[in-house]
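Student: Structure below; questions to follow.
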Amino acid sequence: KADSITIFTKKDSGFAQGNIILNQKRQIIKADYLEYQNNNNQDGVSYRATGEVSISDSSRIATCGEANYKREKEKTILKINPKISEGNRVLTGKIIELDYEEEKLIKLFIPNSAIATTVNIGYHSPRDSLKVEDIVQYGDKMEGTELISFFRNEMLDSLRISGMAKTTYHVFEDSIYKGKNNASGDTIIMNFKNNELGLLNILGGSEGKYIPDSI
């Protein structure tokens with residue numbers, strides 16, 4: 001739906017303006033302006049959306065100033081301050097490219113100015129002696145020139161960031177905060193299991209420093 005919709009019947013295309021909501025497959029696309037093109041060989045439309053754009057599904061939401069989706073390639077390119085939020089994780093960059101297979105996200109690529117942040121909540125003390133002031137919240141940050149991540153069953157499987165890569169990662173054991181790692185290198189690779197970090201590798205000119213919790 002939209003405030004106004006213009007349809008070009010011979011070209012099987014059109015555009016919409018104002019308060020646009022497009023339901024396509026498992027996504028809800030909202031925008032101020034949207035041009036679309038039907039493809040007779042595909043179930044769904046290709047589109048270019050601009051303005052305040054948001055694309056949401058069951059697990060994540062993407063926002064940007066311009067989104068281009070090619071139905072035949074199952075590929076979305078986000079431009080103009082793109083951001084993807086999924087739970088406590090946020091990804092940003094100059095451009096974000098999303099590749100799908102049978103409507104499921106399989107790859108995410110940020111070719112420039114990549115930043116990934118994750119918020120973690122835990123405790124300074126064992127839970128049986130908790131006080132309000134014992135609850136802590138820290139933001140992990142990973143940044144570099146280029147980021148590529150792969151998904152399995154729509155869950156993050158691995159993430160690779162390269163080009164002057166650096167990260168600050170806070171360490172928790174059974175939700176108790178232990179300290180933080182500051183690390184850098186040519187490339188940082190993270191492997192995930194059940195959407196939680198399982199392994200971190202730093203390649204090329206690696207440097208790291210662990211700072212234990214002072215409490």
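Chain lettering (A, B, ...) mirrors the order of the structure tokens, residue numbering begins at 1 for each chain separately, and ligand numbering begins at 1 in order of display.
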Could you please write out, as a list in words, every residue of stretch 91-137 of chain A that DSSP assigns to strand (DSSP E or B)?
Tutor: Leu91, Thr92, Ile95, Ile96, Glu97, Leu98, Asp99, Tyr100, Glu101, Lys104, Leu105, Ile106, Lys107, Leu108, Phe109, Ile110, Ala114, Ile115, Ala116, Thr117, Thr118, Val119, Asn120, Ile121, Gly122, Tyr123, Ile135, Val136 and Gln137 of chain A
Student: Let's have the selection written as a compact mmCIF listing (two decimals), in the first residue's frame, with N, CA, C and O atoms.
Tutor:
# COMPACT_ATOMS: atom_id res chain seq x y z
N LEU A 91 25.58 -3.99 12.16
CA LEU A 91 26.58 -3.87 11.11
C LEU A 91 26.34 -2.59 10.32
O LEU A 91 25.21 -2.28 9.96
N THR A 92 27.43 -1.86 10.03
CA THR A 92 27.33 -0.66 9.23
C THR A 92 28.48 -0.59 8.24
O THR A 92 29.50 -1.27 8.39
N ILE A 95 28.40 0.75 1.98
CA ILE A 95 27.46 -0.05 1.18
C ILE A 95 27.36 -1.42 1.83
O ILE A 95 28.35 -1.95 2.34
N ILE A 96 26.16 -1.99 1.84
CA ILE A 96 25.98 -3.36 2.33
C ILE A 96 25.27 -4.16 1.24
O ILE A 96 24.22 -3.74 0.74
N GLU A 97 25.85 -5.31 0.89
CA GLU A 97 25.26 -6.19 -0.11
C GLU A 97 24.77 -7.47 0.56
O GLU A 97 25.49 -8.08 1.35
N LEU A 98 23.56 -7.87 0.22
CA LEU A 98 22.93 -9.06 0.80
C LEU A 98 22.59 -10.04 -0.31
O LEU A 98 21.91 -9.68 -1.27
N ASP A 99 23.04 -11.28 -0.17
CA ASP A 99 22.74 -12.33 -1.14
C ASP A 99 21.85 -13.39 -0.49
O ASP A 99 22.13 -13.84 0.63
N TYR A 100 20.81 -13.76 -1.24
CA TYR A 100 19.84 -14.73 -0.75
C TYR A 100 19.81 -15.97 -1.64
O TYR A 100 20.21 -15.93 -2.81
N GLU A 101 19.33 -17.05 -1.08
CA GLU A 101 19.09 -18.28 -1.83
C GLU A 101 17.78 -18.86 -1.35
O GLU A 101 17.65 -19.21 -0.18
N LYS A 104 16.37 -17.10 1.66
CA LYS A 104 17.14 -17.14 2.89
C LYS A 104 18.48 -16.43 2.70
O LYS A 104 19.17 -16.66 1.71
N LEU A 105 18.87 -15.59 3.66
CA LEU A 105 20.14 -14.88 3.59
C LEU A 105 21.30 -15.87 3.72
O LEU A 105 21.35 -16.67 4.66
N ILE A 106 22.24 -15.81 2.76
CA ILE A 106 23.40 -16.71 2.81
C ILE A 106 24.72 -15.95 2.92
O ILE A 106 25.71 -16.50 3.39
N LYS A 107 24.74 -14.67 2.48
CA LYS A 107 26.00 -13.92 2.52
C LYS A 107 25.73 -12.43 2.68
O LYS A 107 24.77 -11.90 2.12
N LEU A 108 26.61 -11.77 3.43
CA LEU A 108 26.56 -10.32 3.61
C LEU A 108 27.96 -9.78 3.35
O LEU A 108 28.94 -10.33 3.85
N PHE A 109 28.03 -8.71 2.56
CA PHE A 109 29.33 -8.15 2.17
C PHE A 109 29.31 -6.64 2.34
O PHE A 109 28.40 -5.96 1.87
N ILE A 110 30.32 -6.12 3.05
CA ILE A 110 30.53 -4.68 3.20
C ILE A 110 31.89 -4.35 2.60
O ILE A 110 32.92 -4.73 3.18
N ALA A 114 33.78 -0.96 7.13
CA ALA A 114 32.96 -1.94 7.83
C ALA A 114 33.12 -1.83 9.34
O ALA A 114 34.24 -1.75 9.86
N ILE A 115 32.00 -1.86 10.06
CA ILE A 115 32.00 -1.86 11.52
C ILE A 115 30.93 -2.84 11.99
O ILE A 115 29.79 -2.81 11.52
N ALA A 116 31.30 -3.69 12.93
CA ALA A 116 30.36 -4.61 13.56
C ALA A 116 30.41 -4.40 15.06
O ALA A 116 31.50 -4.42 15.66
N THR A 117 29.27 -4.17 15.70
CA THR A 117 29.22 -3.98 17.14
C THR A 117 28.23 -4.96 17.75
O THR A 117 27.22 -5.30 17.14
N THR A 118 28.53 -5.40 18.96
CA THR A 118 27.67 -6.33 19.69
C THR A 118 27.62 -5.90 21.15
O THR A 118 28.66 -5.64 21.76
N VAL A 119 26.43 -5.82 21.71
CA VAL A 119 26.26 -5.46 23.12
C VAL A 119 26.10 -6.73 23.94
O VAL A 119 25.28 -7.60 23.62
N ASN A 120 26.90 -6.84 25.00
CA ASN A 120 26.83 -7.99 25.90
C ASN A 120 26.52 -7.53 27.32
O ASN A 120 27.05 -6.53 27.79
N ILE A 121 25.67 -8.28 28.00
CA ILE A 121 25.29 -7.97 29.37
C ILE A 121 25.71 -9.13 30.27
O ILE A 121 25.50 -10.30 29.93
N GLY A 122 26.31 -8.81 31.39
CA GLY A 122 26.74 -9.84 32.32
C GLY A 122 26.82 -9.29 33.73
O GLY A 122 26.13 -8.32 34.08
N TYR A 123 27.73 -9.89 34.53
CA TYR A 123 27.80 -9.54 35.95
C TYR A 123 29.26 -9.47 36.40
O TYR A 123 30.13 -10.14 35.85
N ILE A 135 25.59 -5.63 37.72
CA ILE A 135 25.22 -5.85 36.32
C ILE A 135 26.04 -4.91 35.43
O ILE A 135 26.12 -3.71 35.69
N VAL A 136 26.66 -5.48 34.39
CA VAL A 136 27.51 -4.69 33.50
C VAL A 136 27.06 -4.89 32.05
O VAL A 136 26.51 -5.92 31.69
N GLN A 137 27.30 -3.87 31.25
CA GLN A 137 26.98 -3.93 29.82
C GLN A 137 28.17 -3.37 29.05
O GLN A 137 28.62 -2.25 29.31
Student: Point out the residue among A:Gly198, A:Arg48, A:Glu143, A:Val171 with the least atom-to-atom distance to A:Asp186, counting only C-alpha atoms.
Tutor: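 Smallest separation from A:Asp186 among the options: A:Glu143.
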Student: One decimal, Å: what's the distance from atom CA of A:Ile55 over to atom CA of A:Ala2, could you say?
Tutor: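 Taking atom CA of A:Ile55 as the start and atom CA of A:Ala2 as the end point, the length is 15.7 Å.
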Student: Could you give me, as a PyMOL selection string, the residues within 9 Å of A:Lys94, counting only C-alpha atoms and dropping anything in the same chain fewer than 5 positions from it?
Tutor: chain A and resi 78-82+110-114
Student: Generate a file of the selected residues that holds C-alpha atoms, formatted as a short mmCIF file (atom, residue, chain, number, x, y, z; two decimals), in the first residue's frame.
Tutor:
data_model
loop_
_atom_site.label_atom_id
_atom_site.label_comp_id
_atom_site.auth_asym_id
_atom_site.auth_seq_id
_atom_site.Cartn_x
_atom_site.Cartn_y
_atom_site.Cartn_z
CA LEU A 78 21.83 -0.95 0.56
CA LYS A 79 23.24 2.57 0.19
CA ILE A 80 23.19 5.89 2.10
CA ASN A 81 23.95 5.17 5.76
CA PRO A 82 23.01 1.48 5.65
CA ILE A 110 30.53 -4.68 3.20
CA PRO A 111 33.24 -3.48 0.78
CA ASN A 112 34.25 -0.33 2.66
CA SER A 113 34.29 1.20 6.17
CA ALA A 114 32.96 -1.94 7.83
#
Student: Which residues are near stretch 164-167 of chain A? Cut-off 7 Å, only C-alpha atoms, ignore same chain within fewer than 4 positions. Put them as a compact mmCIF listing (two decimals) with C-alpha atoms, in the first residue's frame.
Tutor:
# COMPACT_ATOMS: atom_id res chain seq x y z
CA LYS A 141 33.52 -3.62 18.33
CA MET A 142 35.14 -4.97 15.20
CA GLU A 143 36.20 -2.74 12.30
CA GLY A 144 38.22 -2.77 9.12
CA THR A 145 38.07 -1.98 5.43
CA ASN A 182 42.14 -5.54 22.29
CA ALA A 183 43.47 -7.13 19.11
CA SER A 184 44.49 -6.08 15.61
CA GLY A 185 45.88 -7.62 12.44
CA ASP A 186 45.54 -7.80 8.68
CA THR A 187 42.51 -10.09 8.94
CA ILE A 188 40.23 -11.17 11.78
Student: Quick one: everything within 6 Å of A:Asn68, counting only C-alpha atoms, minus sequence neighbours fewer than 6 positions away in the same chain. Send it as a list in words.
Tutor: Tyr47, Arg48, Thr76 and Ile77 of chain A
Student: Could you please determine the separation between atom CA of A:Gly65 and atom CA of A:Ala49 in Å, to one decimal place?
Tutor: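 Taking atom CA of A:Gly65 as the start and atom CA of A:Ala49 as the end point, the length is 8.1 Å.
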Student: Excluding stretch 17-27 of chain A and its own-chain neighbours fewer than 6 positions away, which residues fall within 7 Å of it when counting only C-alpha atoms? Please give them as a PyMOL selection string.
Tutor: chain A and resi 1-5+33-34+44+55-57
Student: Write a file of the just-selected residues containing C-alpha atoms, as a short mmCIF file (atom, residue, chain, number, x, y, z; two decimals), in the first residue's frame.
Tutor:
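Writing the result to part_29.cif gives the following:
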data_model
loop_
_atom_site.label_atom_id
_atom_site.label_comp_id
_atom_site.auth_asym_id
_atom_site.auth_seq_id
_atom_site.Cartn_x
_atom_site.Cartn_y
_atom_site.Cartn_z
CA LYS A 1 0.00 0.00 0.00
CA ALA A 2 1.01 3.65 -0.40
CA ASP A 3 -0.43 7.16 -0.58
CA SER A 4 -0.34 6.92 -4.38
CA ILE A 5 0.50 4.17 -6.88
CA TYR A 33 9.33 6.24 -2.81
CA LEU A 34 9.53 2.91 -4.63
CA GLY A 44 7.91 -11.24 -6.76
CA ILE A 55 13.50 -3.92 5.31
CA SER A 56 12.49 -6.29 8.08
CA ASP A 57 12.03 -10.02 8.45
#
Student: Going by DSSP on the backbone, which residues of stretch 28-139 of chain A come out as helix (DSSP H, G or I)? List them as a VMD selection string.
Tutor: chain A and resid 127 to 129 132 to 134
Student: Keeping only C-alpha atoms, write those residues as a tab-separated table (two decimals), in the first residue's frame.
Tutor:
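Heads up, here's the output in part36.tsv:
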chain	number	residue	atom	x	y	z
A	127	ARG	CA	24.79	-14.61	40.66
A	128	ASP	CA	24.19	-15.80	44.24
A	129	SER	CA	25.64	-12.52	45.54
A	132	VAL	CA	22.14	-4.02	41.07
A	133	GLU	CA	25.57	-2.43	40.64
A	134	ASP	CA	27.04	-5.84	39.69
Student: Just checking: using only C-alpha atoms, which residue out of A:Asn194, A:Asn38, A:Ser13, A:Ser158 ends up closest to A:Glu72?
Tutor: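 Using only C-alpha atoms, A:Glu72 sits closest to A:Asn38.
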Student: Could you jot down the atom CA of A:Val45 to atom CA of A:Glu146 separation for me, Å, one decimal place?
Tutor: 29.6 Å
Student: I'd like a table as CSV: residues in stretch 68-151 of chain A with an atom no more than 12 Å from stretch 39-43 of chain A, each row giving the shortest atom pair and its distance in Å to one decimal, only C-alpha atoms counted, sorted by chain and rising residue number.
Tutor:
residue,atom,partner,partner_atom,distance
A:Lys70,CA,A:Asn39,CA,10.1
A:Arg71,CA,A:Gln42,CA,7.1
A:Glu72,CA,A:Gln42,CA,6.8
A:Lys73,CA,A:Gln42,CA,10.2
A:Glu74,CA,A:Gln42,CA,10.3
A:Glu102,CA,A:Asp43,CA,11.1
A:Glu103,CA,A:Asp43,CA,11.0
